[in-house]
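Input: a single structure, listed below in structure tokens.
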Amino acid sequence: MEVVLHIGIILRVLRNYFLNLQDELIPRLPVDQESIDFEEWHIEYFKSHILKSICSKGQDAHCNKDDGDECCELCTYRNALELPHLPDMVFHKNKLVLKHRDGAVLEFLPMESLRLVENGKQPLQVACAQEWKESRPESLMEEKFKPFDWTFTTDYQGTPNEKFNVERTEQQLNKFKLMQREKILFYHDLTLFEDELHDNGISSCSVKIRVMPSGFFILLRHFLRVDNVLLKIHDTRFHFEVGNNYIFKEFTMRGASYEEMKNLFNVGYSNS
């Protein structure tokens with residue numbers, strides 16, 4: 001286990017080194033971009049490379065907040081979020097934007113998703129310290145003392161502007177409508193950030209959109225798996241149907257401990 005861990009760390013260091021070297025030697029690639037005008041909406045996504053892991057001033061340097069426009073992209077994130085460290089991969093230029101002709105704007109942004117990560121408030125070890133102790137080597141135990149949620153759990157639900165009027169409703173998501181086969185006019189899947197939790201699981205935040213003749217559907221998901229500890233999924237669904245003057249939104253939180261899932265699978269296996 002210790003050998004595998006060291007290999008994983010070495011591979012991450014090498015990957016980050018060559019990614020930064022590539023940025024220096026190869027001309028900057030253009031941002032991938034695509035859009036569609038649908039009914040009264042303009043829908044557009046932007047997609048590019050991951051955030052550099054080294055400050056533009058050097059390996060151990062750090063731009064100050066007062067540097068303004070001179071502050072590099074990495075330090076812009078560091079200064080804004082003030083987390084002990086960022087996820088392995090932050091796709092800082094990835095974003096999905098929906099603009100209505102009347103001025104309403106709904107965006108999905110990596111920076112905003114990470115703003116909701118708990119910083120020094122409710123670290124995961126409070127909930128499952130014992131399970132973590134029993135399932136991890138001693139060399140990793142310092143992780144549980146970090147003063148922030150190192151799983152990067154977020155309940156980010158998109159960023160609407162002031163033109164949106166949010167109202168509660170008893171209405172439910174029209175799953176029957178979404179299950180019907182329709183032509184896909186526009187589709188994309190964007191990753192906002194991802195982290196392998198030091199080879200002990202995965203934490204990722206992504207957004208998918210598909211546009212059909214009847215409307216559009218968006219799934220924003222934070223997925224968390226901590227090996228031998230827990231599984232969590234935070235889903236935010238948006239559904240717009242042609243003819244409506246609103247977007248339906250549904251937020252759900254699901255999760256289970258490793259023991260709960262193991263018992264569930266054991267019961268299912270016994271009954272089969």
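Following the order of the structure tokens, first chain is A, next is B, and so on, with residues numbered from 1 inside each chain and ligands from 1 in the order they appear.
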
#### Entry: Those of segment 53-248 of chain A in DSSP strand (DSSP E or B), formatted as number ranges by chain
A: 55, 58, 89-90, 95-100, 105-108, 159-160, 186-195, 201-212, 215-226, 230-241, 248

Q | Contacts of Asn94 of chain A within 7 Å, only C-alpha atoms, excl. fewer than 6 positions in-chain, as an MDAnalysis selection string | A | chainID A and resid 46:48 190 192

Keeping only all heavy atoms, write those residues as a short mmCIF file (atom, residue, chain, number, x, y, z; two decimals), in the first residue's frame.
```cif
data_model
loop_
_atom_site.label_atom_id
_atom_site.label_comp_id
_atom_site.auth_asym_id
_atom_site.auth_seq_id
_atom_site.Cartn_x
_atom_site.Cartn_y
_atom_site.Cartn_z
N PHE A 46 -17.56 27.01 -22.82
CA PHE A 46 -16.15 27.27 -23.05
C PHE A 46 -15.37 26.15 -22.36
O PHE A 46 -15.68 25.77 -21.23
CB PHE A 46 -15.73 28.61 -22.46
CG PHE A 46 -16.48 29.79 -23.02
CD1 PHE A 46 -17.73 30.13 -22.50
CD2 PHE A 46 -15.96 30.53 -24.06
CE1 PHE A 46 -18.43 31.22 -23.02
CE2 PHE A 46 -16.67 31.61 -24.58
CZ PHE A 46 -17.89 31.96 -24.07
N LYS A 47 -14.35 25.64 -23.03
CA LYS A 47 -13.60 24.51 -22.49
C LYS A 47 -12.12 24.68 -22.81
O LYS A 47 -11.75 25.01 -23.94
CB LYS A 47 -14.12 23.21 -23.11
CG LYS A 47 -13.47 21.94 -22.56
CD LYS A 47 -14.12 20.71 -23.19
CE LYS A 47 -13.54 19.42 -22.63
NZ LYS A 47 -14.19 18.23 -23.24
N SER A 48 -11.25 24.46 -21.81
CA SER A 48 -9.83 24.62 -22.03
C SER A 48 -9.04 23.72 -21.08
O SER A 48 -9.61 22.82 -20.44
CB SER A 48 -9.43 26.09 -21.85
OG SER A 48 -8.11 26.32 -22.27
N LEU A 190 -19.02 19.08 -19.25
CA LEU A 190 -17.88 19.86 -18.78
C LEU A 190 -17.49 19.45 -17.36
O LEU A 190 -18.35 19.34 -16.49
CB LEU A 190 -18.20 21.35 -18.78
CG LEU A 190 -18.30 22.10 -20.10
CD1 LEU A 190 -18.81 23.51 -19.84
CD2 LEU A 190 -16.95 22.15 -20.81
N LEU A 192 -15.70 20.71 -13.99
CA LEU A 192 -15.30 21.97 -13.35
C LEU A 192 -14.05 21.76 -12.49
O LEU A 192 -13.14 22.57 -12.52
CB LEU A 192 -16.45 22.52 -12.51
CG LEU A 192 -17.75 22.80 -13.27
CD1 LEU A 192 -18.79 23.42 -12.35
CD2 LEU A 192 -17.52 23.68 -14.49
#
```

* Could you pull the residues within 12 Å of Glu182 of chain A, counting only C-alpha atoms, minus those fewer than 5 positions along the same chain, as a PyMOL selection string? -> chain A and resi 177+210-216

Output for the residues just chosen: N, CA and C atoms as an mmCIF file, in the first residue's frame:
```cif
data_model
loop_
_atom_site.group_PDB
_atom_site.id
_atom_site.type_symbol
_atom_site.label_atom_id
_atom_site.label_comp_id
_atom_site.auth_asym_id
_atom_site.auth_seq_id
_atom_site.Cartn_x
_atom_site.Cartn_y
_atom_site.Cartn_z
ATOM 1 N N LYS A 177 -41.189 12.959 -19.510
ATOM 2 C CA LYS A 177 -40.847 13.779 -20.672
ATOM 3 C C LYS A 177 -39.382 13.600 -21.038
ATOM 4 N N ARG A 210 -28.074 19.050 -22.432
ATOM 5 C CA ARG A 210 -28.556 18.567 -23.719
ATOM 6 C C ARG A 210 -29.786 19.391 -24.104
ATOM 7 N N VAL A 211 -29.825 19.766 -25.378
ATOM 8 C CA VAL A 211 -30.922 20.564 -25.910
ATOM 9 C C VAL A 211 -31.683 19.708 -26.913
ATOM 10 N N MET A 212 -32.997 19.600 -26.721
ATOM 11 C CA MET A 212 -33.875 18.834 -27.600
ATOM 12 C C MET A 212 -34.923 19.777 -28.179
ATOM 13 N N PRO A 213 -35.674 19.372 -29.181
ATOM 14 C CA PRO A 213 -36.743 20.229 -29.721
ATOM 15 C C PRO A 213 -37.750 20.667 -28.669
ATOM 16 N N SER A 214 -37.954 19.856 -27.617
ATOM 17 C CA SER A 214 -38.951 20.178 -26.596
ATOM 18 C C SER A 214 -38.424 21.076 -25.481
ATOM 19 N N GLY A 215 -37.094 21.251 -25.405
ATOM 20 C CA GLY A 215 -36.532 22.053 -24.331
ATOM 21 C C GLY A 215 -35.088 21.689 -24.055
ATOM 22 N N PHE A 216 -34.584 22.063 -22.875
ATOM 23 C CA PHE A 216 -33.216 21.663 -22.517
ATOM 24 C C PHE A 216 -33.183 21.129 -21.094
#
```

Across A:Val117, A:Leu96, A:Leu219, A:Leu178, the smallest distance to Lys249 of chain A, with only C-alpha atoms counted, is shown by A:Leu219

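Counting only C-alpha atoms, the residue from A:Ile209, A:Met261, A:Val229, A:Ala61 that sits nearest to Phe108 of chain A is A:Ile209.
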
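Here atom CA of Cys63 of chain A is placed at a distance of 23.7 Å from atom CA of Asp195 of chain A.
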
- Message: Need the shell around Glu44 of chain A: protein/DNA/RNA residues with any atom at most 9 Å away, counting only C-alpha atoms. Skip same-chain ones fewer than 6 positions apart. Format as a ChimeraX atom specification?
- Response: /A:33-37,95-99

Writing out the chosen residues with C-alpha atoms as a PDB file, in the first residue's frame:
```pdb
ATOM      1  CA  GLN A  33     -16.179  27.001 -27.685  1.00  0.00           C
ATOM      2  CA  GLU A  34     -19.598  26.182 -29.122  1.00  0.00           C
ATOM      3  CA  SER A  35     -23.022  27.803 -28.903  1.00  0.00           C
ATOM      4  CA  ILE A  36     -26.634  27.439 -29.973  1.00  0.00           C
ATOM      5  CA  ASP A  37     -29.586  29.819 -30.111  1.00  0.00           C
ATOM      6  CA  LYS A  95     -17.966  27.242 -18.050  1.00  0.00           C
ATOM      7  CA  LEU A  96     -21.523  26.875 -19.289  1.00  0.00           C
ATOM      8  CA  VAL A  97     -23.565  30.035 -19.855  1.00  0.00           C
ATOM      9  CA  LEU A  98     -27.268  30.429 -20.646  1.00  0.00           C
ATOM     10  CA  LYS A  99     -28.547  33.900 -21.533  1.00  0.00           C
TER      11      LYS A  99
END
```

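Of the listed residues (A:Glu260, A:Asp88, A:Glu241, A:Glu73), A:Asp88 comes nearest to Trp150 of chain A; the distances count only C-alpha atoms.
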
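The residue set within 12 Å of Phe164 of chain A, counting only C-alpha atoms and dropping same-chain residues fewer than 6 places from it, reads A:Lys99, A:His100, A:Asp102, A:Gly103, A:Ala104, A:Val105, A:Leu106, A:Glu107, A:Asn245, A:Tyr246, A:Ile247, A:Phe248.
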
Between atom CA of Gln171 of chain A and atom CA of Tyr156 of chain A lies a distance of 21.6 Å

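Each of A:Glu250, A:His222, A:His234, A:Asp227 was compared to Arg168 of chain A using only C-alpha atoms, and A:Glu250 turns out to be the nearest.
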
Here atom CA of Met111 of chain A and atom CA of Val207 of chain A stand apart by 13.8 Å

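Residue nearest Phe152 of chain A within the list A:Asp32, A:Glu170, A:Glu196, A:Asp189: A:Glu196 [criterion: smallest interatomic distance, only C-alpha atoms].
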
Review point. Cys205 of chain A: which residues within 7 Å, counting only C-alpha atoms, same-chain residues fewer than 2 positions away excluded, as a PyMOL selection string?
Key: chain A and resi 191-194+221-223

Residues of the last selection are to be written out with N, CA, C and O atoms, as a PDB file, in the first residue's frame.
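Written file, part36.pdb:
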```pdb
ATOM      1  N   THR A 191     -16.203  19.261 -17.123  1.00  0.00           N
ATOM      2  CA  THR A 191     -15.705  19.051 -15.770  1.00  0.00           C
ATOM      3  C   THR A 191     -15.256  20.389 -15.206  1.00  0.00           C
ATOM      4  O   THR A 191     -14.509  21.124 -15.866  1.00  0.00           O
ATOM      5  N   LEU A 192     -15.700  20.713 -13.991  1.00  0.00           N
ATOM      6  CA  LEU A 192     -15.295  21.967 -13.345  1.00  0.00           C
ATOM      7  C   LEU A 192     -14.049  21.758 -12.490  1.00  0.00           C
ATOM      8  O   LEU A 192     -13.137  22.567 -12.521  1.00  0.00           O
ATOM      9  N   PHE A 193     -14.036  20.652 -11.722  1.00  0.00           N
ATOM     10  CA  PHE A 193     -12.817  20.286 -10.995  1.00  0.00           C
ATOM     11  C   PHE A 193     -12.860  18.803 -10.661  1.00  0.00           C
ATOM     12  O   PHE A 193     -13.919  18.170 -10.683  1.00  0.00           O
ATOM     13  N   GLU A 194     -11.665  18.267 -10.343  1.00  0.00           N
ATOM     14  CA  GLU A 194     -11.576  16.841  -9.988  1.00  0.00           C
ATOM     15  C   GLU A 194     -10.345  16.633  -9.113  1.00  0.00           C
ATOM     16  O   GLU A 194      -9.307  17.266  -9.315  1.00  0.00           O
ATOM     17  N   ARG A 221     -23.509  18.007 -11.138  1.00  0.00           N
ATOM     18  CA  ARG A 221     -23.302  16.932 -10.149  1.00  0.00           C
ATOM     19  C   ARG A 221     -21.958  17.073  -9.442  1.00  0.00           C
ATOM     20  O   ARG A 221     -20.924  17.304 -10.070  1.00  0.00           O
ATOM     21  N   HIS A 222     -22.016  16.938  -8.107  1.00  0.00           N
ATOM     22  CA  HIS A 222     -20.784  16.712  -7.342  1.00  0.00           C
ATOM     23  C   HIS A 222     -20.807  15.264  -6.878  1.00  0.00           C
ATOM     24  O   HIS A 222     -21.743  14.825  -6.193  1.00  0.00           O
ATOM     25  N   PHE A 223     -19.759  14.527  -7.264  1.00  0.00           N
ATOM     26  CA  PHE A 223     -19.652  13.098  -6.931  1.00  0.00           C
ATOM     27  C   PHE A 223     -18.455  12.907  -6.022  1.00  0.00           C
ATOM     28  O   PHE A 223     -17.354  13.370  -6.318  1.00  0.00           O
TER      29      PHE A 223
END
```

One residue among A:Leu197, A:Leu173, A:Leu109, A:Leu264 is nearest to Asp149 of chain A when using only C-alpha atoms, and that residue is A:Leu197
